[in-house]
Amino acid sequence: MRRRWEVRQLARRAMGGSQGIQVGARAYDAGIDDIVARGALELGLRIGEAMLSLGAAAADVTAAIQRVVRTFGLDGCQVELTFTAITVSYDRGVLVAPVTVMRLVRDRVVDYGRLAGVIAVADEVAGDDLSGEDAVDRLEWAHGELDSVIAAPRSYRRWVVTLALAALAGSVALLLGGGASVALVAGATTAAIDRVTWALSRWGLPPFYVQIVGAGLVTTVAVALLVVVPHLPVELEVLPPALVVASGIVVLLAGLSLVGAAEDALSGFPLTAAARSFEVVVLTLGIVVGIGGVLDIARRAGVQLEVIQVPPTTTPLLLQGFAAAVVALSWAIASYARPRAVLVAGAAGAIAWIVSTLLLGSGIGPAVAGAVAALVVGFLSETFAPRFGVPAIVASVCGIVPLLPGLAVYRGMFQIVNDPQAGLIVGATVLLGAAMIGLGLAAGVTLGEFLASPLRLGTRNRRAPNEQ
């Protein structure tokens, strides 16, 4: 009988192997003081709320919370994260009541400068080994540091952001083949639109309507060019309205959380990914509605709508890379990234554009070329950006901005509005291609980050998320 039992045990070991994950683990009381436990949970929750509000991915938020609370001896904490709320629970077994805290994430604003500060506080706390009275003192210090980061003024004044967005739009116009005149018009238009949309946001107008207004204003400028330019000593080929619109649309698309949605989906946060994706879809529809509404009004008013075909740019590839770097670093400034992060983002943008252009020149389609370029940017960002004290998300998100399909979105809507019957299929196909490029960029960046994570020394431990 004993021999049979030993044989069965040996067979189980040989067949089953080691356990890969811990499931259904029993909770134990680690004897942590209630003051320390509550303070650690509050600190972790505050850090998580700040990171999620400032643009971090769900996996990074969860990992940061777990690293912080584990520093104070709270092993096995459960972290539940959705798009609008974070819950952290410390289960101490059946003899002691659990400690559970929750916070709602009400405000969302991309601020990479503050995000870097919050991550720095989390990393410094997580590097300690604390217990007893030292834990209480360290908690007070950490809460104070976090207060300083959150209350600190932004890296740049608002007019600097407006100038950065104008430079972004002008550089996009140059990348798409426009000249200096197109860049100036695109920059001035984007600056005016930014001031209008910023004022509307401060008045509390929902982002969907802000997107409609922004897209409608930039399309209005394009329609005005179609009307005015033929009466001026300037050819439409020199000042093509489509490039002005495309530049403004890239600015509007850059604010969407494409990368965050893709990373949440691929890292196992379905609820957060679904919420982010729905937000992206709604805000993109705002852009489409704004473009389509203005074009439809112009067509009904008798304006002769036409898309001026611009020949491919003949600018040397290195100069194109410089313009792409300006696009990326301009968006980093608009996202309040710190100066060092701005430079890293500029390098990422140049690399993304050069890789994509080389792939397009070899006959690869735009979606695949963009995805591969984004993968390279994601891999390099996760590998090298932290070595410069820059969050990887800054370099990766800003680096793909030059590749956003602003011109494709405008041309698709133009085809649908200008020729509702014959142009519907063509326009829908163009819009589908733009969507594929956007998805490819997001998926490529995310895959690059995951491929680089095991290779970078000191990489953050991406634990499997809890059930949602």
# chains A, B, ... in the order shown; residues from 1 in each chain; ligands from 1
$ residues_around --residues "A:Leu359" --least-positions-apart "2" --cutoff "9 Å" --atoms "only C-alpha atoms" --output "ChimeraX atom specification"
/A:354-357,361-366,368-370,372-373
$ write_last_selection --atoms "N, CA and C atoms" --output "compact mmCIF listing (two decimals), in the first residue's frame"
# COMPACT_ATOMS: atom_id res chain seq x y z
N ILE A 354 12.03 57.45 -39.57
CA ILE A 354 13.04 56.91 -40.48
C ILE A 354 12.77 55.43 -40.74
N VAL A 355 12.46 54.67 -39.69
CA VAL A 355 12.18 53.24 -39.88
C VAL A 355 10.94 53.06 -40.75
N SER A 356 9.89 53.81 -40.48
CA SER A 356 8.66 53.69 -41.26
C SER A 356 8.89 54.07 -42.72
N THR A 357 9.64 55.13 -42.96
CA THR A 357 9.90 55.58 -44.34
C THR A 357 10.72 54.54 -45.10
N GLY A 361 9.43 52.51 -48.37
CA GLY A 361 10.21 52.52 -49.61
C GLY A 361 10.51 51.14 -50.14
N SER A 362 10.48 50.14 -49.27
CA SER A 362 10.74 48.76 -49.70
C SER A 362 9.47 48.05 -50.15
N GLY A 363 8.34 48.76 -50.16
CA GLY A 363 7.09 48.18 -50.65
C GLY A 363 6.16 47.65 -49.59
N ILE A 364 6.47 47.82 -48.32
CA ILE A 364 5.60 47.36 -47.24
C ILE A 364 4.46 48.36 -47.05
N GLY A 365 3.28 47.87 -46.72
CA GLY A 365 2.10 48.71 -46.55
C GLY A 365 2.22 49.64 -45.36
N PRO A 366 1.42 50.72 -45.34
CA PRO A 366 1.51 51.72 -44.26
C PRO A 366 1.23 51.15 -42.88
N VAL A 368 1.58 48.01 -41.71
CA VAL A 368 2.67 47.15 -41.25
C VAL A 368 3.92 47.98 -40.98
N ALA A 369 4.21 48.94 -41.85
CA ALA A 369 5.38 49.78 -41.64
C ALA A 369 5.27 50.57 -40.34
N GLY A 370 4.08 51.12 -40.08
CA GLY A 370 3.88 51.85 -38.83
C GLY A 370 3.99 50.95 -37.62
N VAL A 372 5.73 48.14 -37.30
CA VAL A 372 7.12 47.75 -37.07
C VAL A 372 7.91 48.92 -36.49
N ALA A 373 7.69 50.13 -37.04
CA ALA A 373 8.38 51.30 -36.49
C ALA A 373 7.99 51.53 -35.03
$ residues_around --residues "stretch 30-41 of chain A" --least-positions-apart "2" --cutoff "7 Å" --atoms "only C-alpha atoms" --output "number ranges by chain"
A: 28, 43-45, 69, 72, 88, 135-136, 139
$ closest_residue --among "A:Val79, A:Leu360, A:Ala50, A:Leu329" --to "A:Val394" --atoms "only C-alpha atoms"
A:Leu329
$ atom_distance --atom1 "atom CA of A:Thr314" --atom2 "atom CA of A:Pro402"
17.4 Å
$ select_by_dssp --residues "stretch 184-343 of chain A" --states "helix (DSSP H, G or I)" --output "VMD selection string"
chain A and resid 184 to 202 207 to 231 241 to 254 258 to 266 270 to 300 317 to 334 339 to 343
$ closest_atom_pairs --of "stretch 344-449 of chain A" --to "stretch 200-224 of chain A" --cutoff "12 Å" --atoms "only C-alpha atoms" --output "Markdown table"
| residue | atom | partner | partner_atom | distance |
| --- | --- | --- | --- | --- |
| A:Gly406 | CA | A:Ala215 | CA | 10.9 |
| A:Leu407 | CA | A:Thr219 | CA | 11.9 |
| A:Val409 | CA | A:Ala215 | CA | 10.9 |
| A:Tyr410 | CA | A:Thr219 | CA | 8.8 |
| A:Arg411 | CA | A:Thr219 | CA | 11.5 |
| A:Met413 | CA | A:Thr219 | CA | 10.9 |
| A:Phe414 | CA | A:Thr219 | CA | 10.3 |
$ write_last_selection --atoms "N, CA and C atoms" --output "mmCIF file, in the first residue's frame"
data_model
loop_
_atom_site.group_PDB
_atom_site.id
_atom_site.type_symbol
_atom_site.label_atom_id
_atom_site.label_comp_id
_atom_site.auth_asym_id
_atom_site.auth_seq_id
_atom_site.Cartn_x
_atom_site.Cartn_y
_atom_site.Cartn_z
ATOM 1 N N GLY A 406 -3.427 61.378 -39.836
ATOM 2 C CA GLY A 406 -4.328 62.526 -39.936
ATOM 3 C C GLY A 406 -4.849 62.756 -41.344
ATOM 4 N N LEU A 407 -3.977 62.639 -42.340
ATOM 5 C CA LEU A 407 -4.395 62.873 -43.721
ATOM 6 C C LEU A 407 -5.389 61.821 -44.186
ATOM 7 N N VAL A 409 -7.602 60.196 -42.368
ATOM 8 C CA VAL A 409 -8.912 60.474 -41.767
ATOM 9 C C VAL A 409 -9.646 61.555 -42.551
ATOM 10 N N TYR A 410 -8.949 62.613 -42.905
ATOM 11 C CA TYR A 410 -9.599 63.699 -43.659
ATOM 12 C C TYR A 410 -10.029 63.242 -45.047
ATOM 13 N N ARG A 411 -9.170 62.521 -45.731
ATOM 14 C CA ARG A 411 -9.511 62.097 -47.092
ATOM 15 C C ARG A 411 -10.677 61.115 -47.090
ATOM 16 N N MET A 413 -13.212 61.027 -44.898
ATOM 17 C CA MET A 413 -14.433 61.801 -44.688
ATOM 18 C C MET A 413 -14.759 62.667 -45.897
ATOM 19 N N PHE A 414 -13.731 63.166 -46.577
ATOM 20 C CA PHE A 414 -13.959 63.979 -47.772
ATOM 21 C C PHE A 414 -14.663 63.163 -48.848
#
$ atom_distance --atom1 "atom CA of A:Asp75" --atom2 "atom CA of A:Ala56"
23.3 Å
$ decode --residues "stretch 91-127 of chain A" --atoms "N, CA and C atoms" --output "mmCIF file, in the first residue's frame"
data_model
loop_
_atom_site.group_PDB
_atom_site.id
_atom_site.type_symbol
_atom_site.label_atom_id
_atom_site.label_comp_id
_atom_site.auth_asym_id
_atom_site.auth_seq_id
_atom_site.Cartn_x
_atom_site.Cartn_y
_atom_site.Cartn_z
ATOM 1 N N ASP A 91 -5.947 41.408 3.246
ATOM 2 C CA ASP A 91 -6.655 40.347 3.961
ATOM 3 C C ASP A 91 -5.714 39.733 4.984
ATOM 4 N N ARG A 92 -6.128 39.739 6.259
ATOM 5 C CA ARG A 92 -5.278 39.264 7.351
ATOM 6 C C ARG A 92 -5.771 37.954 7.970
ATOM 7 N N GLY A 93 -6.539 37.199 7.213
ATOM 8 C CA GLY A 93 -6.997 35.919 7.719
ATOM 9 C C GLY A 93 -8.349 36.011 8.390
ATOM 10 N N VAL A 94 -8.807 34.865 8.934
ATOM 11 C CA VAL A 94 -10.164 34.803 9.460
ATOM 12 C C VAL A 94 -10.280 35.422 10.848
ATOM 13 N N LEU A 95 -9.185 35.609 11.552
ATOM 14 C CA LEU A 95 -9.245 36.110 12.922
ATOM 15 C C LEU A 95 -9.210 37.629 13.010
ATOM 16 N N VAL A 96 -8.794 38.300 11.933
ATOM 17 C CA VAL A 96 -8.680 39.765 11.934
ATOM 18 C C VAL A 96 -9.410 40.307 10.716
ATOM 19 N N ALA A 97 -10.134 41.405 10.930
ATOM 20 C CA ALA A 97 -10.880 42.009 9.821
ATOM 21 C C ALA A 97 -9.926 42.566 8.770
ATOM 22 N N PRO A 98 -10.251 42.410 7.493
ATOM 23 C CA PRO A 98 -9.388 42.969 6.435
ATOM 24 C C PRO A 98 -9.433 44.493 6.422
ATOM 25 N N VAL A 99 -8.394 45.076 5.826
ATOM 26 C CA VAL A 99 -8.331 46.527 5.637
ATOM 27 C C VAL A 99 -8.501 46.800 4.151
ATOM 28 N N THR A 100 -9.543 47.524 3.796
ATOM 29 C CA THR A 100 -9.852 47.800 2.388
ATOM 30 C C THR A 100 -10.053 49.292 2.187
ATOM 31 N N VAL A 101 -9.401 49.840 1.181
ATOM 32 C CA VAL A 101 -9.539 51.267 0.853
ATOM 33 C C VAL A 101 -9.812 51.397 -0.639
ATOM 34 N N MET A 102 -10.499 52.459 -1.007
ATOM 35 C CA MET A 102 -10.863 52.676 -2.403
ATOM 36 C C MET A 102 -10.803 54.162 -2.729
ATOM 37 N N ARG A 103 -10.456 54.477 -3.964
ATOM 38 C CA ARG A 103 -10.464 55.854 -4.446
ATOM 39 C C ARG A 103 -11.042 55.889 -5.853
ATOM 40 N N LEU A 104 -11.774 56.959 -6.125
ATOM 41 C CA LEU A 104 -12.287 57.191 -7.467
ATOM 42 C C LEU A 104 -11.315 58.063 -8.247
ATOM 43 N N VAL A 105 -11.161 57.761 -9.529
ATOM 44 C CA VAL A 105 -10.294 58.530 -10.419
ATOM 45 C C VAL A 105 -11.195 59.449 -11.233
ATOM 46 N N ARG A 106 -11.319 60.680 -10.791
ATOM 47 C CA ARG A 106 -12.270 61.603 -11.423
ATOM 48 C C ARG A 106 -11.637 62.402 -12.546
ATOM 49 N N ASP A 107 -10.433 62.881 -12.330
ATOM 50 C CA ASP A 107 -9.788 63.769 -13.295
ATOM 51 C C ASP A 107 -8.726 63.015 -14.078
ATOM 52 N N ARG A 108 -8.633 63.332 -15.360
ATOM 53 C CA ARG A 108 -7.618 62.722 -16.219
ATOM 54 C C ARG A 108 -6.955 63.821 -17.039
ATOM 55 N N VAL A 109 -5.675 63.973 -16.854
ATOM 56 C CA VAL A 109 -4.914 64.950 -17.622
ATOM 57 C C VAL A 109 -3.507 64.394 -17.815
ATOM 58 N N VAL A 110 -3.041 64.387 -19.052
ATOM 59 C CA VAL A 110 -1.708 63.869 -19.342
ATOM 60 C C VAL A 110 -0.684 64.899 -18.873
ATOM 61 N N ASP A 111 0.127 64.516 -17.903
ATOM 62 C CA ASP A 111 1.178 65.378 -17.359
ATOM 63 C C ASP A 111 2.367 64.476 -17.043
ATOM 64 N N TYR A 112 3.252 64.328 -18.027
ATOM 65 C CA TYR A 112 4.352 63.397 -17.866
ATOM 66 C C TYR A 112 5.394 63.889 -16.871
ATOM 67 N N GLY A 113 5.472 65.198 -16.647
ATOM 68 C CA GLY A 113 6.392 65.705 -15.644
ATOM 69 C C GLY A 113 5.995 65.248 -14.255
ATOM 70 N N ARG A 114 4.746 65.420 -13.893
ATOM 71 C CA ARG A 114 4.273 64.952 -12.588
ATOM 72 C C ARG A 114 4.288 63.428 -12.508
ATOM 73 N N LEU A 115 3.961 62.762 -13.593
ATOM 74 C CA LEU A 115 3.996 61.298 -13.594
ATOM 75 C C LEU A 115 5.390 60.795 -13.264
ATOM 76 N N ALA A 116 6.410 61.417 -13.837
ATOM 77 C CA ALA A 116 7.789 61.022 -13.530
ATOM 78 C C ALA A 116 8.095 61.233 -12.050
ATOM 79 N N GLY A 117 7.586 62.330 -11.485
ATOM 80 C CA GLY A 117 7.802 62.572 -10.063
ATOM 81 C C GLY A 117 7.121 61.547 -9.189
ATOM 82 N N VAL A 118 5.897 61.164 -9.541
ATOM 83 C CA VAL A 118 5.173 60.147 -8.760
ATOM 84 C C VAL A 118 5.889 58.804 -8.835
ATOM 85 N N ILE A 119 6.338 58.437 -10.035
ATOM 86 C CA ILE A 119 7.063 57.174 -10.193
ATOM 87 C C ILE A 119 8.357 57.193 -9.389
ATOM 88 N N ALA A 120 9.031 58.347 -9.345
ATOM 89 C CA ALA A 120 10.263 58.452 -8.563
ATOM 90 C C ALA A 120 10.004 58.235 -7.075
ATOM 91 N N VAL A 121 8.908 58.794 -6.563
ATOM 92 C CA VAL A 121 8.554 58.573 -5.159
ATOM 93 C C VAL A 121 8.284 57.096 -4.903
ATOM 94 N N ALA A 122 7.511 56.466 -5.800
ATOM 95 C CA ALA A 122 7.207 55.041 -5.635
ATOM 96 C C ALA A 122 8.469 54.192 -5.664
ATOM 97 N N ASP A 123 9.387 54.496 -6.583
ATOM 98 C CA ASP A 123 10.620 53.716 -6.676
ATOM 99 C C ASP A 123 11.494 53.883 -5.432
ATOM 100 N N GLU A 124 11.538 55.105 -4.898
ATOM 101 C CA GLU A 124 12.367 55.329 -3.716
ATOM 102 C C GLU A 124 11.797 54.622 -2.498
ATOM 103 N N VAL A 125 10.474 54.647 -2.365
ATOM 104 C CA VAL A 125 9.848 53.942 -1.249
ATOM 105 C C VAL A 125 10.039 52.444 -1.396
ATOM 106 N N ALA A 126 9.873 51.931 -2.608
ATOM 107 C CA ALA A 126 9.965 50.491 -2.829
ATOM 108 C C ALA A 126 11.371 49.959 -2.641
ATOM 109 N N GLY A 127 12.368 50.826 -2.617
ATOM 110 C CA GLY A 127 13.738 50.378 -2.431
ATOM 111 C C GLY A 127 14.144 50.222 -0.982
#
